[in-house]
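Everything below belongs to final-v7.txt, which stores compact mmCIF, C-alpha atoms.
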# COMPACT_ATOMS: atom_id res chain seq x y z
CA MET A 1 44.71 -47.85 -11.04
CA SER A 2 42.87 -44.46 -11.07
CA PHE A 3 41.42 -43.05 -7.92
CA SER A 4 40.32 -39.77 -9.54
CA GLN A 5 36.74 -40.84 -10.27
CA ALA A 6 36.10 -41.97 -6.71
CA LEU A 7 37.82 -38.89 -5.28
CA SER A 8 35.66 -36.61 -7.43
CA GLY A 9 32.61 -38.50 -6.18
CA LEU A 10 33.68 -37.96 -2.56
CA ARG A 11 34.23 -34.25 -3.15
CA ALA A 12 30.91 -33.86 -4.96
CA GLN A 13 28.91 -35.71 -2.31
CA ALA A 14 30.64 -33.78 0.46
CA GLU A 15 29.50 -30.57 -1.25
CA ASN A 16 26.03 -32.02 -1.68
CA ILE A 17 25.88 -32.79 2.04
CA LYS A 18 26.79 -29.15 2.74
CA VAL A 19 23.94 -27.88 0.57
CA ILE A 20 21.44 -30.32 2.11
CA SER A 21 22.62 -29.40 5.60
CA ASN A 22 22.23 -25.71 4.77
CA ASN A 23 18.66 -26.37 3.58
CA ILE A 24 17.84 -28.20 6.80
CA ALA A 25 19.47 -25.51 8.93
CA ASN A 26 17.28 -22.85 7.24
CA SER A 27 14.05 -24.82 7.25
CA GLN A 28 12.60 -22.21 9.66
CA THR A 29 14.14 -19.16 7.98
CA VAL A 30 11.44 -16.85 6.61
CA GLY A 31 11.55 -16.61 2.83
CA PHE A 32 14.47 -19.03 2.46
CA LYS A 33 14.76 -20.85 -0.87
CA THR A 34 16.03 -24.41 -1.19
CA GLY A 35 19.37 -25.02 -2.87
CA LYS A 36 20.10 -28.04 -5.04
CA VAL A 37 23.40 -29.37 -6.38
CA LEU A 38 23.58 -29.99 -10.12
CA PHE A 39 26.08 -32.75 -11.02
CA ALA A 40 27.88 -33.13 -14.36
CA ASP A 41 30.08 -35.98 -15.58
CA VAL A 42 33.68 -35.29 -16.61
CA PHE A 43 35.38 -36.67 -19.76
CA ALA A 44 38.92 -36.09 -21.00
CA GLY A 45 37.79 -35.58 -24.58
CA ALA A 46 35.23 -36.44 -27.21
CA SER A 47 36.86 -39.79 -27.93
CA SER A 48 37.13 -40.78 -24.31
CA LYS A 49 35.12 -43.88 -23.38
CA VAL A 50 35.67 -43.76 -19.64
CA GLY A 51 34.80 -40.68 -17.64
CA LEU A 52 37.06 -38.97 -15.15
CA GLY A 53 34.38 -38.71 -12.50
CA VAL A 54 31.85 -36.12 -11.52
CA ASN A 55 31.84 -32.35 -11.17
CA ILE A 56 29.42 -29.83 -9.66
CA SER A 57 28.18 -27.64 -12.51
CA ALA A 58 26.04 -25.33 -10.37
CA ILE A 59 24.05 -24.96 -7.18
CA MET A 60 20.53 -24.05 -8.27
CA GLN A 61 18.04 -22.26 -6.05
CA ASP A 62 14.38 -23.21 -6.03
CA PHE A 63 12.37 -19.96 -5.98
CA ARG A 64 8.97 -21.56 -5.60
CA SER A 65 6.84 -19.79 -3.01
CA GLY A 66 6.70 -21.15 0.50
CA ASP A 67 3.56 -21.57 2.57
CA LEU A 68 2.05 -18.40 4.08
CA GLU A 69 1.56 -18.23 7.83
CA ASN A 70 -0.52 -15.69 9.74
CA THR A 71 1.32 -13.76 12.45
CA GLY A 72 -1.09 -10.90 13.16
CA ARG A 73 1.76 -8.37 13.15
CA ASN A 74 1.14 -5.49 10.75
CA LEU A 75 4.73 -5.20 9.54
CA ASP A 76 5.09 -8.92 8.85
CA LEU A 77 4.63 -8.99 5.08
CA ALA A 78 4.48 -11.77 2.53
CA ILE A 79 4.45 -11.62 -1.26
CA ALA A 80 1.66 -13.85 -2.54
CA GLY A 81 3.05 -14.52 -6.00
CA GLU A 82 6.13 -13.34 -7.83
CA GLY A 83 8.50 -10.56 -6.84
CA PHE A 84 11.20 -9.55 -4.37
CA TYR A 85 11.47 -6.78 -1.82
CA ARG A 86 14.06 -4.22 -2.89
CA LEU A 87 16.37 -3.47 0.04
CA GLU A 88 19.11 -0.89 0.42
CA LYS A 89 22.11 -1.50 2.66
CA SER A 90 23.61 1.27 4.76
CA ASN A 91 26.41 1.58 2.18
CA GLY A 92 23.88 2.08 -0.63
CA ALA A 93 24.19 -1.42 -2.13
CA ILE A 94 20.91 -2.90 -3.38
CA VAL A 95 19.86 -6.47 -2.55
CA TYR A 96 16.62 -8.41 -2.94
CA SER A 97 14.75 -10.62 -0.50
CA ARG A 98 11.54 -12.55 0.15
CA ASN A 99 11.84 -12.12 3.91
CA GLY A 100 9.12 -9.67 4.96
CA GLN A 101 9.93 -9.21 8.66
CA PHE A 102 10.12 -5.41 8.98
CA ASN A 103 9.99 -2.83 11.74
CA ARG A 104 10.58 0.89 12.22
CA ASP A 105 13.94 2.18 13.38
CA ALA A 106 14.50 5.24 15.58
CA GLN A 107 14.25 7.56 12.56
CA GLY A 108 11.05 5.97 11.30
CA PHE A 109 12.58 4.03 8.39
CA LEU A 110 11.24 0.57 7.58
CA VAL A 111 14.10 -1.90 8.06
CA ASN A 112 14.56 -5.64 8.36
CA GLY A 113 16.32 -7.49 11.15
CA THR A 114 19.79 -6.74 9.75
CA GLY A 115 19.14 -3.01 9.30
CA GLN A 116 18.57 -3.06 5.54
CA PHE A 117 16.14 -0.40 4.37
CA LEU A 118 12.92 -1.29 2.56
CA THR A 119 12.53 0.90 -0.52
CA GLY A 120 9.56 2.16 -2.47
CA TYR A 121 7.77 5.31 -3.56
CA GLY A 122 7.76 7.93 -0.81
CA LEU A 123 6.03 11.23 -0.15
CA SER A 124 6.15 13.79 -2.94
CA ASP A 125 7.36 16.49 -0.51
CA GLN A 126 9.77 15.30 2.16
CA ASN A 127 9.13 18.50 4.13
CA ASP A 128 5.38 17.85 4.24
CA PRO A 129 4.53 14.66 6.16
CA PHE A 130 1.01 14.70 4.69
CA SER A 131 1.86 15.24 1.04
CA GLU A 132 0.71 12.73 -1.58
CA VAL A 133 2.46 9.51 -2.53
CA ILE A 134 3.17 9.49 -6.26
CA PRO A 135 4.14 6.08 -7.70
CA GLY A 136 6.97 6.05 -10.18
CA GLY A 137 10.45 7.47 -10.28
CA ALA A 138 13.45 6.19 -8.40
CA PRO A 139 12.65 4.10 -5.30
CA GLN A 140 13.77 5.57 -1.99
CA ARG A 141 14.05 4.42 1.59
CA LEU A 142 10.54 4.28 3.02
CA ARG A 143 10.11 6.41 6.12
CA ILE A 144 7.03 6.74 8.32
CA PRO A 145 6.77 10.34 9.61
CA PRO A 146 5.78 10.29 13.31
CA ASP A 147 4.05 13.70 13.14
CA ASP A 148 0.62 14.14 14.68
CA ILE A 149 -2.06 14.94 12.15
CA PRO A 150 -3.34 18.50 12.73
CA ALA A 151 -7.00 19.36 13.20
CA ASN A 152 -9.03 20.11 10.10
CA ALA A 153 -11.99 22.48 10.32
CA THR A 154 -15.16 21.26 8.66
CA THR A 155 -15.64 22.79 5.23
CA GLU A 156 -18.24 20.47 3.70
CA VAL A 157 -21.37 18.86 5.14
CA ASP A 158 -23.67 16.73 3.01
CA ALA A 159 -27.01 15.90 4.61
CA ILE A 160 -29.99 13.99 3.27
CA TYR A 161 -33.30 14.33 5.11
CA ASN A 162 -36.86 13.28 4.65
CA LEU A 163 -39.33 15.77 6.07
CA ASN A 164 -42.79 14.34 6.73
CA ALA A 165 -45.19 15.64 4.09
CA SER A 166 -48.19 14.91 6.33
CA THR A 167 -47.04 17.48 8.89
CA ILE A 168 -49.65 20.20 9.31
CA GLY A 169 -47.98 23.56 8.81
CA THR A 170 -48.18 26.64 10.96
CA ASN A 171 -50.31 28.32 8.29
CA VAL A 172 -53.31 26.42 9.69
CA SER A 173 -54.60 26.41 13.26
CA ASN A 174 -54.24 22.70 14.18
CA ASP A 175 -50.44 22.47 13.93
CA ASP A 176 -48.49 19.96 16.04
CA LEU A 177 -45.37 21.77 17.28
CA GLN A 178 -42.62 20.62 19.63
CA THR A 179 -40.62 22.87 21.93
CA ALA A 180 -36.93 22.91 22.81
CA THR A 181 -34.91 25.12 25.12
CA VAL A 182 -31.89 26.99 23.77
CA VAL A 183 -29.37 29.31 25.43
CA THR A 184 -29.65 32.95 24.40
CA ASN A 185 -27.29 34.89 26.75
CA ASN A 186 -29.55 37.84 26.12
CA PRO A 187 -30.05 40.07 27.95
CA ASN A 188 -27.89 38.21 30.51
CA PRO A 189 -25.49 35.25 30.13
CA GLY A 190 -27.16 31.92 30.78
CA ASN A 191 -30.63 33.02 29.80
CA THR A 192 -32.75 30.52 27.92
CA ALA A 193 -35.66 30.65 25.55
CA ASN A 194 -37.97 28.22 23.83
CA ILE A 195 -37.89 27.41 20.16
CA GLN A 196 -40.73 25.67 18.32
CA PHE A 197 -40.25 23.11 15.55
CA HIS A 198 -41.70 20.06 13.84
CA PHE A 199 -38.44 18.13 13.47
CA SER A 200 -34.89 18.64 14.71
CA SER A 201 -31.57 17.05 13.84
CA SER A 202 -28.09 17.44 15.34
CA TYR A 203 -24.63 16.64 14.00
CA THR A 204 -21.04 17.34 14.96
CA ILE A 205 -18.56 19.46 13.06
CA PHE A 206 -15.04 20.61 13.99
CA ASP A 207 -13.63 24.12 14.33
CA SER A 208 -10.10 25.18 13.33
CA LEU A 209 -8.69 23.99 16.69
CA GLY A 210 -10.27 20.57 16.40
CA ASN A 211 -13.01 21.24 18.97
CA GLU A 212 -16.29 19.49 18.39
CA ARG A 213 -19.22 21.79 17.71
CA THR A 214 -22.81 20.60 17.73
CA ILE A 215 -25.01 22.00 15.02
CA THR A 216 -28.74 21.58 15.64
CA THR A 217 -31.21 22.38 12.90
CA TYR A 218 -34.85 22.96 13.83
CA PHE A 219 -37.23 22.45 10.90
CA ILE A 220 -40.71 23.93 10.96
CA LYS A 221 -43.28 23.57 8.19
CA THR A 222 -44.73 27.01 7.47
CA ALA A 223 -46.78 26.23 4.36
CA ASN A 224 -47.41 23.44 1.90
CA ASN A 225 -44.04 22.22 0.58
CA VAL A 226 -42.19 24.95 2.51
CA TRP A 227 -39.94 24.31 5.54
CA ASP A 228 -38.08 26.98 7.49
CA ALA A 229 -34.89 26.05 9.34
CA GLU A 230 -33.34 27.64 12.42
CA ILE A 231 -29.82 26.69 13.52
CA ALA A 232 -28.27 26.57 17.00
CA VAL A 233 -24.53 26.19 17.63
CA ASP A 234 -23.70 24.25 20.82
CA GLY A 235 -27.27 24.94 21.96
CA TYR A 236 -26.94 28.72 21.50
CA ARG A 237 -29.18 30.98 19.48
CA ALA A 238 -29.70 34.70 19.81
CA GLN A 239 -33.07 35.43 21.41
CA ALA A 240 -33.86 38.09 18.85
CA ASP A 241 -33.54 35.50 16.10
CA ILE A 242 -35.82 32.86 17.57
CA GLY A 243 -38.64 32.37 15.08
CA THR A 244 -36.55 33.80 12.25
CA ALA A 245 -35.54 31.34 9.55
CA ASP A 246 -31.87 30.97 8.69
CA PHE A 247 -32.87 29.36 5.42
CA THR A 248 -35.93 27.84 3.74
CA LEU A 249 -36.32 24.59 1.79
CA ASN A 250 -38.83 24.55 -1.06
CA PHE A 251 -40.22 21.24 -2.37
CA ASP A 252 -42.18 20.48 -5.52
CA ALA A 253 -45.42 18.50 -5.79
CA ASN A 254 -43.45 15.25 -6.08
CA GLY A 255 -41.71 15.68 -2.74
CA ASN A 256 -38.32 16.67 -4.17
CA LEU A 257 -36.39 19.87 -3.70
CA PHE A 258 -37.23 22.10 -6.63
CA ASP A 259 -35.29 21.35 -9.78
CA PRO A 260 -33.55 24.47 -11.11
CA ASP A 261 -35.35 23.98 -14.44
CA ASP A 262 -38.69 24.50 -12.68
CA GLY A 263 -37.92 28.15 -12.11
CA THR A 264 -38.13 28.07 -8.30
CA VAL A 265 -35.02 28.02 -6.14
CA PRO A 266 -34.75 25.03 -3.74
CA ILE A 267 -33.05 27.01 -0.94
CA VAL A 268 -33.66 30.59 0.14
CA ALA A 269 -31.38 32.40 2.59
CA GLY A 270 -33.01 33.77 5.74
CA GLY A 271 -32.07 36.46 8.23
CA GLY A 272 -31.10 34.71 11.46
CA ASP A 273 -27.96 35.02 13.56
CA ILE A 274 -26.33 32.36 11.40
CA THR A 275 -25.31 34.01 8.14
CA VAL A 276 -26.54 31.84 5.29
CA VAL A 277 -25.16 32.56 1.85
CA VAL A 278 -26.62 31.14 -1.34
CA ASP A 279 -24.04 31.14 -4.13
CA PRO A 280 -24.93 34.20 -6.23
CA ASN A 281 -23.52 32.46 -9.28
CA ASP A 282 -25.80 29.48 -8.71
CA PRO A 283 -28.85 30.55 -6.69
CA GLU A 284 -30.73 27.43 -7.70
CA ALA A 285 -28.19 25.01 -6.21
CA VAL A 286 -28.94 22.73 -3.26
CA THR A 287 -25.82 23.85 -1.37
CA LEU A 288 -25.51 26.91 0.86
CA THR A 289 -22.75 28.37 3.01
CA LEU A 290 -23.21 28.73 6.77
CA VAL A 291 -21.14 31.31 8.62
CA ALA A 292 -21.29 31.47 12.42
CA ALA A 293 -19.27 34.53 13.44
CA ASN A 294 -21.05 35.84 16.54
CA PHE A 295 -20.12 32.99 18.86
CA ASP A 296 -17.38 32.56 21.46
CA LEU A 297 -15.34 29.73 19.94
CA GLY A 298 -12.46 29.94 22.41
CA GLY A 299 -9.96 31.35 19.94
CA ALA A 300 -10.95 29.20 16.98
CA ALA A 301 -11.72 30.78 13.62
CA ASP A 302 -15.32 31.50 12.68
CA LEU A 303 -17.30 28.45 11.64
CA GLU A 304 -17.84 28.45 7.90
CA PHE A 305 -18.86 25.44 5.87
CA ASN A 306 -20.94 24.44 2.87
CA LEU A 307 -24.11 22.53 3.67
CA GLY A 308 -25.57 20.45 0.86
CA PHE A 309 -29.08 18.97 0.76
CA ASN A 310 -28.93 17.07 -2.51
CA GLY A 311 -31.32 14.10 -2.20
CA THR A 312 -33.47 15.60 0.57
CA THR A 313 -37.16 14.75 0.14
CA GLN A 314 -40.60 15.54 1.53
CA PHE A 315 -42.56 12.29 1.52
CA ASN A 316 -45.39 11.03 3.70
CA ASN A 317 -43.06 9.20 6.06
CA ASN A 318 -41.34 9.95 9.34
CA SER A 319 -39.06 12.95 9.39
CA VAL A 320 -35.54 11.56 9.59
CA GLN A 321 -31.92 12.32 8.84
CA ASN A 322 -30.95 9.55 6.41
CA THR A 323 -27.26 10.27 5.94
CA LEU A 324 -24.73 12.89 6.91
CA GLU A 325 -21.07 13.25 5.97
CA GLN A 326 -18.62 15.96 6.99
CA ASP A 327 -14.92 16.40 6.27
CA GLY A 328 -13.63 17.85 9.55
CA TYR A 329 -11.69 16.10 12.31
CA THR A 330 -9.74 16.80 15.46
CA SER A 331 -5.98 16.32 15.74
CA GLY A 332 -4.67 12.78 16.09
CA THR A 333 -1.60 10.80 17.13
CA LEU A 334 -0.09 7.99 15.10
CA ILE A 335 -1.13 4.65 16.61
CA GLY A 336 -0.54 2.09 13.89
CA LEU A 337 0.34 1.11 10.35
CA GLU A 338 -1.41 -0.97 7.75
CA VAL A 339 -0.03 -2.30 4.48
CA GLU A 340 -2.51 -2.74 1.63
CA LYS A 341 -2.34 -5.51 -0.96
CA ASP A 342 -0.84 -3.09 -3.49
CA GLY A 343 1.97 -2.24 -1.07
CA THR A 344 0.58 1.10 0.10
CA VAL A 345 1.72 1.84 3.67
CA THR A 346 -1.09 3.65 5.51
CA ARG A 347 -0.79 5.51 8.82
CA ILE A 348 -3.66 5.20 11.30
CA TYR A 349 -4.34 7.98 13.84
CA THR A 350 -6.28 8.22 17.08
CA ASN A 351 -8.91 10.38 15.37
CA GLU A 352 -9.58 7.50 12.93
CA GLU A 353 -8.02 9.40 10.04
CA ARG A 354 -5.76 7.48 7.65
CA ARG A 355 -2.91 8.86 5.56
CA GLU A 356 -0.56 7.18 3.11
CA ALA A 357 3.15 7.23 3.93
CA GLY A 358 4.54 5.41 0.88
CA GLN A 359 4.20 2.41 -1.39
CA ILE A 360 6.46 -0.64 -1.38
CA VAL A 361 8.11 -1.36 -4.72
CA LEU A 362 8.66 -4.94 -5.89
CA SER A 363 11.37 -6.28 -8.20
CA ASN A 364 11.52 -9.26 -10.52
CA PHE A 365 14.08 -10.83 -12.83
CA ILE A 366 14.02 -12.74 -16.11
CA ASN A 367 16.15 -15.44 -14.48
CA PRO A 368 15.78 -15.41 -10.67
CA GLU A 369 17.95 -18.55 -10.45
CA GLY A 370 20.83 -16.39 -11.63
CA LEU A 371 20.75 -14.24 -8.49
CA GLN A 372 23.80 -14.47 -6.24
CA PRO A 373 23.18 -15.21 -2.54
CA ASP A 374 24.40 -12.30 -0.43
CA GLY A 375 23.70 -13.62 3.06
CA ASP A 376 21.08 -12.43 5.53
CA ASN A 377 18.48 -14.11 3.33
CA ALA A 378 19.07 -11.71 0.43
CA TRP A 379 20.37 -11.94 -3.14
CA ARG A 380 22.37 -9.72 -5.46
CA GLN A 381 21.77 -9.02 -9.11
CA THR A 382 24.17 -10.69 -11.58
CA ASN A 383 24.61 -10.80 -15.34
CA ALA A 384 22.89 -14.18 -15.29
CA SER A 385 19.80 -12.83 -13.51
CA GLY A 386 19.38 -9.86 -15.83
CA GLU A 387 18.31 -6.35 -14.89
CA PRO A 388 15.59 -5.93 -12.24
CA VAL A 389 12.09 -5.01 -13.35
CA LEU A 390 10.43 -2.66 -10.86
CA GLY A 391 6.71 -2.35 -10.31
CA GLU A 392 3.78 -2.19 -7.91
CA ALA A 393 2.18 -5.20 -6.26
CA GLN A 394 -0.88 -6.60 -8.03
CA THR A 395 0.27 -5.26 -11.40
CA GLY A 396 1.73 -7.30 -14.25
CA VAL A 397 3.60 -10.36 -13.01
CA PHE A 398 3.86 -9.10 -9.44
CA GLY A 399 1.89 -10.76 -6.66
CA SER A 400 0.02 -9.03 -3.86
CA ILE A 401 1.49 -8.05 -0.49
CA GLU A 402 -0.26 -9.65 2.46
CA GLY A 403 -0.03 -7.89 5.82
CA GLY A 404 0.20 -9.86 9.06
CA VAL A 405 1.55 -12.85 7.11
CA LEU A 406 5.00 -14.35 6.52
CA GLU A 407 6.27 -16.67 3.82
CA ASN A 408 7.82 -19.81 5.29
CA SER A 409 10.89 -21.49 3.88
CA ASN A 410 10.11 -23.75 0.92
CA VAL A 411 12.37 -26.48 2.34
CA ASP A 412 10.70 -29.92 2.33
CA LEU A 413 12.32 -31.29 5.47
CA ALA A 414 11.32 -34.90 4.83
CA GLN A 415 12.72 -34.75 1.30
CA GLU A 416 15.97 -33.22 2.53
CA LEU A 417 16.45 -36.02 5.08
CA VAL A 418 15.93 -38.59 2.33
CA ASN A 419 18.39 -36.70 0.11
CA MET A 420 20.91 -36.77 2.93
CA ILE A 421 20.61 -40.54 3.28
CA VAL A 422 21.04 -41.01 -0.46
CA SER A 423 24.06 -38.69 -0.51
CA GLN A 424 25.56 -40.50 2.46
CA ARG A 425 25.18 -43.84 0.67
CA ALA A 426 26.81 -42.37 -2.46
CA TYR A 427 29.70 -41.10 -0.35
CA GLN A 428 30.11 -44.56 1.20
CA ALA A 429 29.98 -46.15 -2.25
CA ASN A 430 32.75 -43.89 -3.53
CA SER A 431 34.78 -44.76 -0.43
CA SER A 432 34.24 -48.44 -1.21
CA SER A 433 35.43 -47.79 -4.76
CA ILE A 434 38.70 -46.44 -3.41
CA GLY A 435 39.04 -49.43 -1.09
CA THR A 436 38.43 -51.90 -3.90
CA GLN A 437 40.99 -50.25 -6.14
CA ASP A 438 43.45 -50.25 -3.26
CA GLU A 439 42.99 -54.00 -2.81
CA MET A 440 43.49 -54.57 -6.54
CA LEU A 441 46.66 -52.50 -6.48
CA GLN A 442 47.95 -54.44 -3.46
CA THR A 443 47.34 -57.72 -5.32
CA ILE A 444 49.40 -56.50 -8.26
CA ILE A 445 52.21 -55.44 -5.95
CA ASN A 446 52.19 -58.85 -4.24
CA LEU A 447 52.74 -60.51 -7.61
Target format structure tokens, applied to this file:
Amino acid sequence: MSFSQALSGLRAQAENIKVISNNIANSQTVGFKTGKVLFADVFAGASSKVGLGVNISAIMQDFRSGDLENTGRNLDLAIAGEGFYRLEKSNGAIVYSRNGQFNRDAQGFLVNGTGQFLTGYGLSDQNDPFSEVIPGGAPQRLRIPPDDIPANATTEVDAIYNLNASTIGTNVSNDDLQTATVVTNNPNPGNTANIQFHFSSSYTIFDSLGNERTITTYFIKTANNVWDAEIAVDGYRAQADIGTADFTLNFDANGNLFDPDDGTVPIVAGGGDITVVVDPNDPEAVTLTLVAANFDLGGAADLEFNLGFNGTTQFNNNSVQNTLEQDGYTSGTLIGLEVEKDGTVTRIYTNEERREAGQIVLSNFINPEGLQPDGDNAWRQTNASGEPVLGEAQTGVFGSIEGGVLENSNVDLAQELVNMIVSQRAYQANSSSIGTQDEMLQTIINL
């Protein structure tokens, strides 16, 4: 009698039960991939007619994606498609995972629950927390600098207005002027004066210390297609300059600022308290430079910014400020992170500014099934898996990175329970085979 076949069946099914049990145990593990036992029959040689039992040729991992589940947490990340996160252990060893549960450690590095560092493309200058992120090169540990973003003085303002063409100018007697009160501090602090205008518009800029400064422009039509503008900073304007234009806008017969080819400049600098400079190299441009130097700005540098009017019109419609954009902002504190679909990690500040801190790099393999499990829901590269291919999310074969989402285990719990029953029955059958052979052997002995 030979018990080897049945014994091999018992050993194989016992191993199969272990794999199934491991699948069931990790059915709630984020990014876990199902394992499956591959059986192979055993023969003594090519001429053998009866096999020697069964052997386990391999334990194959199923790398199909699991279902995605919303969590609402910004640093819960899921790869929608192919790819692995590239993680670095504290000893420098590199492993790969589909588990996207990350957080920041005390030094600002992005790590998973076991302290492995998420890697990617970092800042180009490690000494400058607001330098650019340049994709490419060797991946590094991703770190989120906690530095506050400093204030940025306004340097560019782009405004588009429509000034009502039907306004009767001050060159005729029946003009329709409005009046506003401005502070003059002349001859004494706190003095006020009245300024006349047809249309006014205010917007906020920022000085070098991040203080908000209100710029009010008073437009007054002085002749057909000609509008003078007077500017007040935080409601202040020197009394001697009231009625003196800081600059003048000239429109053509079609209601547009003069085209340089027409031979008439669209903007002419005036002589008010606000120094207005038209670029001497391009006097026909629709951008001028405003310099406010004679104001108490509390220690901030003089206000100086370019003011562009490209697109401003004079049509028979209400005078209105259509759009305005400016590039200044006050200082801000880091309040949150956001990960884009391409893996870019963006910092969000209290002043609503956003700055990139890095970009997550993804890895892929020719044969993912050849990866070696390393524990902690990670895998190691092997000769069977091939060399890792690095790249950015949403490029090539790589999927996108979804923020606030996690990838569930791909374990089919119902299927695993059925597999367990089948494996249990196979184990019992092999046990019965041993019992039957034992009875046959006992019969022979009794003879």
**Prompt:** Any idea what's packed within 12 Å of A:Leu290, counting all atoms listed in the file, ignoring anything in its chain fewer than 5 positions away? Could you give it as JSON, numbers by chain?
**Reply:** {"A": [154, 155, 156, 157, 215, 217, 230, 231, 232, 233, 246, 247, 269, 270, 271, 272, 273, 274, 275, 276, 277, 278, 279, 302, 303, 304, 305, 306, 307, 308]}
Please dump the current selection as a compact mmCIF listing (two decimals), keeping the file's coordinate frame; keep C-alpha atoms.
# COMPACT_ATOMS: atom_id res chain seq x y z
CA THR A 154 -15.16 21.26 8.66
CA THR A 155 -15.64 22.79 5.23
CA GLU A 156 -18.24 20.47 3.70
CA VAL A 157 -21.37 18.86 5.14
CA ILE A 215 -25.01 22.00 15.02
CA THR A 217 -31.21 22.38 12.90
CA GLU A 230 -33.34 27.64 12.42
CA ILE A 231 -29.82 26.69 13.52
CA ALA A 232 -28.27 26.57 17.00
CA VAL A 233 -24.53 26.19 17.63
CA ASP A 246 -31.87 30.97 8.69
CA PHE A 247 -32.87 29.36 5.42
CA ALA A 269 -31.38 32.40 2.59
CA GLY A 270 -33.01 33.77 5.74
CA GLY A 271 -32.07 36.46 8.23
CA GLY A 272 -31.10 34.71 11.46
CA ASP A 273 -27.96 35.02 13.56
CA ILE A 274 -26.33 32.36 11.40
CA THR A 275 -25.31 34.01 8.14
CA VAL A 276 -26.54 31.84 5.29
CA VAL A 277 -25.16 32.56 1.85
CA VAL A 278 -26.62 31.14 -1.34
CA ASP A 279 -24.04 31.14 -4.13
CA ASP A 302 -15.32 31.50 12.68
CA LEU A 303 -17.30 28.45 11.64
CA GLU A 304 -17.84 28.45 7.90
CA PHE A 305 -18.86 25.44 5.87
CA ASN A 306 -20.94 24.44 2.87
CA LEU A 307 -24.11 22.53 3.67
CA GLY A 308 -25.57 20.45 0.86
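Remark: for A:Ser208, the closest of the candidate residues A:Gly113, A:Asp176, A:Gly328, A:Leu288 is A:Gly328 (distances computed over all atoms listed in the file).
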Do a neighbour search on stretch 33-39 of chain A at 8 Å with all atoms listed in the file, toss out local chain neighbours closer than 6 positions, and write the hits as a tab-separated table (two decimals) with C-alpha atoms, in the frame of the given file.
chain	number	residue	atom	x	y	z
A	12	ALA	CA	30.91	-33.86	-4.96
A	16	ASN	CA	26.03	-32.02	-1.68
A	19	VAL	CA	23.94	-27.88	0.57
A	20	ILE	CA	21.44	-30.32	2.11
A	23	ASN	CA	18.66	-26.37	3.58
A	54	VAL	CA	31.85	-36.12	-11.52
A	55	ASN	CA	31.84	-32.35	-11.17
A	56	ILE	CA	29.42	-29.83	-9.66
A	57	SER	CA	28.18	-27.64	-12.51
A	58	ALA	CA	26.04	-25.33	-10.37
A	59	ILE	CA	24.05	-24.96	-7.18
A	60	MET	CA	20.53	-24.05	-8.27
A	61	GLN	CA	18.04	-22.26	-6.05
A	62	ASP	CA	14.38	-23.21	-6.03
A	63	PHE	CA	12.37	-19.96	-5.98
A	64	ARG	CA	8.97	-21.56	-5.60
A	409	SER	CA	10.89	-21.49	3.88
A	410	ASN	CA	10.11	-23.75	0.92
A	411	VAL	CA	12.37	-26.48	2.34
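Our summary of the geometry notes that atom CA of A:Gln428 is positioned 11.6 Å from atom CA of A:Leu7.
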Please build the interface table for stretch 324-348 of chain A against stretch 359-370 of chain A with a cut-off of 6 Å, listing for each qualifying residue the nearest atom pair and the distance in Å to one decimal; count all atoms listed in the file, order rows by chain and increasing number, and write it as JSON lines.
{"residue": "A:Gly343", "atom": "CA", "partner": "A:Ile360", "partner_atom": "CA", "distance": 4.8}
{"residue": "A:Thr344", "atom": "CA", "partner": "A:Gln359", "partner_atom": "CA", "distance": 4.1}
{"residue": "A:Val345", "atom": "CA", "partner": "A:Gln359", "partner_atom": "CA", "distance": 5.7}
**Request:** Fewer than 4 positions away in the same chain doesn't count, so skip those; otherwise give me all residues within 6 Å of A:Gly31, counting all atoms listed in the file, as an NGL selection string.
**Result:** :A and (98-99 or 407-409)
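Of the residues under consideration (A:Asn112, A:Ser131, A:Ser400, A:Asn162), A:Ser400 shows the shortest atom-to-atom contact distance to A:Val339 when counting only C-alpha atoms.
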**Item:** Proximity to A:Thr119 - best of A:Gln140, A:Thr181, A:Gln101, A:Asn256, only C-alpha atoms
**Value:** A:Gln140
